[in-house]
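Here is the structure we will look at.
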Amino acid sequence: MAEVLHHAFLDESGGVAIFVENDLFLVITALVTRRPRPVELLIKRALKRFGASLASGEMKATHSEEKTIRWILGGIAQEEVEIIAVVLDKRGIVKSLKDLEDLYRRAVVRAIRLCVERWP
């Protein structure tokens with residue numbers, strides 16, 4: 001029996017800076033599906049429908065109206081997707097790191113590892 005290929009849309013929220021009062025978490029999220037096209041079309045329709053700028057190549061929830069976010073989340077809820085999330089609580093870091101991007105890389109690797117373990 002052939003394995004089914006899964007696709008993941010990966011994104012992050014938060015930054016790698018530590019000891020910043022309003023930036024306490026780094027979240028890496030993967031939206032995983034066997035059928036990526038419906039998700040791609042949903043985002044494309046949202047860009048047209050709500051007039052989001054294509055200049056950045058991505059939509060930002062912090063810059064979107066609530067109706068846009070609800071419309072997109074409602075559409076995603078209709079699709080067969082699973083979500084993997086890695087949440088790093090930066091308050092647990094007690095000393096500065098040499099390379100802050102290492103936090104990001106480790107969190108992304110963890111998210112990818114979880115996906116590969118779930119869908120070999």
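Within each chain, counting starts at residue 1; across the structure tokens, chains are named A, B, ... in the order shown, with ligands numbered 1 upward in that order.
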Give me the residues of segment 10-54 of chain A that have any atom at most 7 Å from an atom of segment 81-88 of chain A; for each, the nearest atom pair and the distance in Å, rounded to one decimal. Use only C-alpha atoms, sort by chain and number, and format it as a Markdown table.
```
| residue | atom | partner | partner_atom | distance |
| --- | --- | --- | --- | --- |
| A:Phe25 | CA | A:Leu88 | CA | 5.5 |
| A:Leu26 | CA | A:Leu88 | CA | 5.1 |
| A:Val27 | CA | A:Val87 | CA | 4.5 |
| A:Ile28 | CA | A:Val86 | CA | 5.2 |
| A:Thr29 | CA | A:Ala85 | CA | 4.4 |
| A:Ala30 | CA | A:Ile84 | CA | 5.1 |
| A:Leu31 | CA | A:Ile83 | CA | 4.7 |
| A:Val32 | CA | A:Glu82 | CA | 5.1 |
| A:Thr33 | CA | A:Val81 | CA | 4.8 |
```
Would you save the residues of that selection, restricted to C-alpha atoms, as a PDB file, in the first residue's frame?
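Just written: part.pdb:
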```pdb
ATOM      1  CA  PHE A  25       6.363  33.147  23.359  1.00  0.00           C
ATOM      2  CA  LEU A  26       7.656  31.812  20.070  1.00  0.00           C
ATOM      3  CA  VAL A  27       5.030  29.665  18.352  1.00  0.00           C
ATOM      4  CA  ILE A  28       5.716  27.500  15.309  1.00  0.00           C
ATOM      5  CA  THR A  29       2.581  26.059  13.720  1.00  0.00           C
ATOM      6  CA  ALA A  30       2.135  23.593  10.895  1.00  0.00           C
ATOM      7  CA  LEU A  31      -1.225  23.150   9.192  1.00  0.00           C
ATOM      8  CA  VAL A  32      -1.011  19.667   7.664  1.00  0.00           C
ATOM      9  CA  THR A  33      -3.229  18.273   4.926  1.00  0.00           C
TER      10      THR A  33
END
```
Fill in: Secondary structure check, helix (DSSP H, G or I) residues of chain A, as number ranges by chain
A: 36-50, 61-63, 66-77, 90-92, 101-118
Discussion item. I need the residue nearest Arg34 of chain A from this list: A:Phe9, A:Phe50, A:Phe19, A:Tyr104. Use only C-alpha atoms for the distance.
Written reply: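 Ranking A:Phe9, A:Phe50, A:Phe19, A:Tyr104 by distance to Arg34 of chain A, first place goes to A:Phe9.
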Discussion item. Could you list, as a ChimeraX atom specification, every residue within 10 Å of Pro120 of chain A, counting only C-alpha atoms and ignoring same-chain residues fewer than 6 positions away?
Written reply: /A:3-6,113-114
Worksheet entry | Shortest interatomic distance to Lys60 of chain A - which of A:Arg105, A:Pro36, A:Ile43, A:Leu100, counting only C-alpha atoms |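 Answer, going by the shortest atom-to-atom distance: A:Ile43.
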Worksheet item: Could you work out how far atom CA of Ile112 of chain A lies from atom CA of Glu40 of chain A, giving the answer in Å with one decimal?
Response: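 We find that atom CA of Glu40 of chain A and atom CA of Ile112 of chain A lie 20.3 Å from each other.
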Practice prompt. Rank A:Val16, A:Ala8, A:Ile69, A:Val94 by their smallest atom-to-atom distance to Arg106 of chain A, using only C-alpha atoms, and report the top residue only.
Written response: A:Val16
Worksheet entry | All strand (DSSP E or B) residues (DSSP, backbone) inside chain A, as a PyMOL selection string | chain A and resi 7-13+25-33+82-89
Discussion item. Which residues are near Thr62 of chain A? Cut-off 12 Å, only C-alpha atoms, ignore same chain within fewer than 6 positions. Put them as a list of chain:residue names.
Written reply: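 Close residues of Thr62 of chain A: A:Ser13, A:Gly14, A:Thr68, A:Ile69.
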For the selection just defined, write its residues with C-alpha atoms to a file, as a PDB file, in the first residue's frame.
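Below is the file that was written, result10.pdb:
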```
ATOM      1  CA  SER A  13       4.356  33.940  15.699  1.00  0.00           C
ATOM      2  CA  GLY A  14       6.591  35.881  18.021  1.00  0.00           C
ATOM      3  CA  THR A  68     -11.395  38.299   7.684  1.00  0.00           C
ATOM      4  CA  ILE A  69      -9.891  36.088  10.370  1.00  0.00           C
TER       5      ILE A  69
END
```
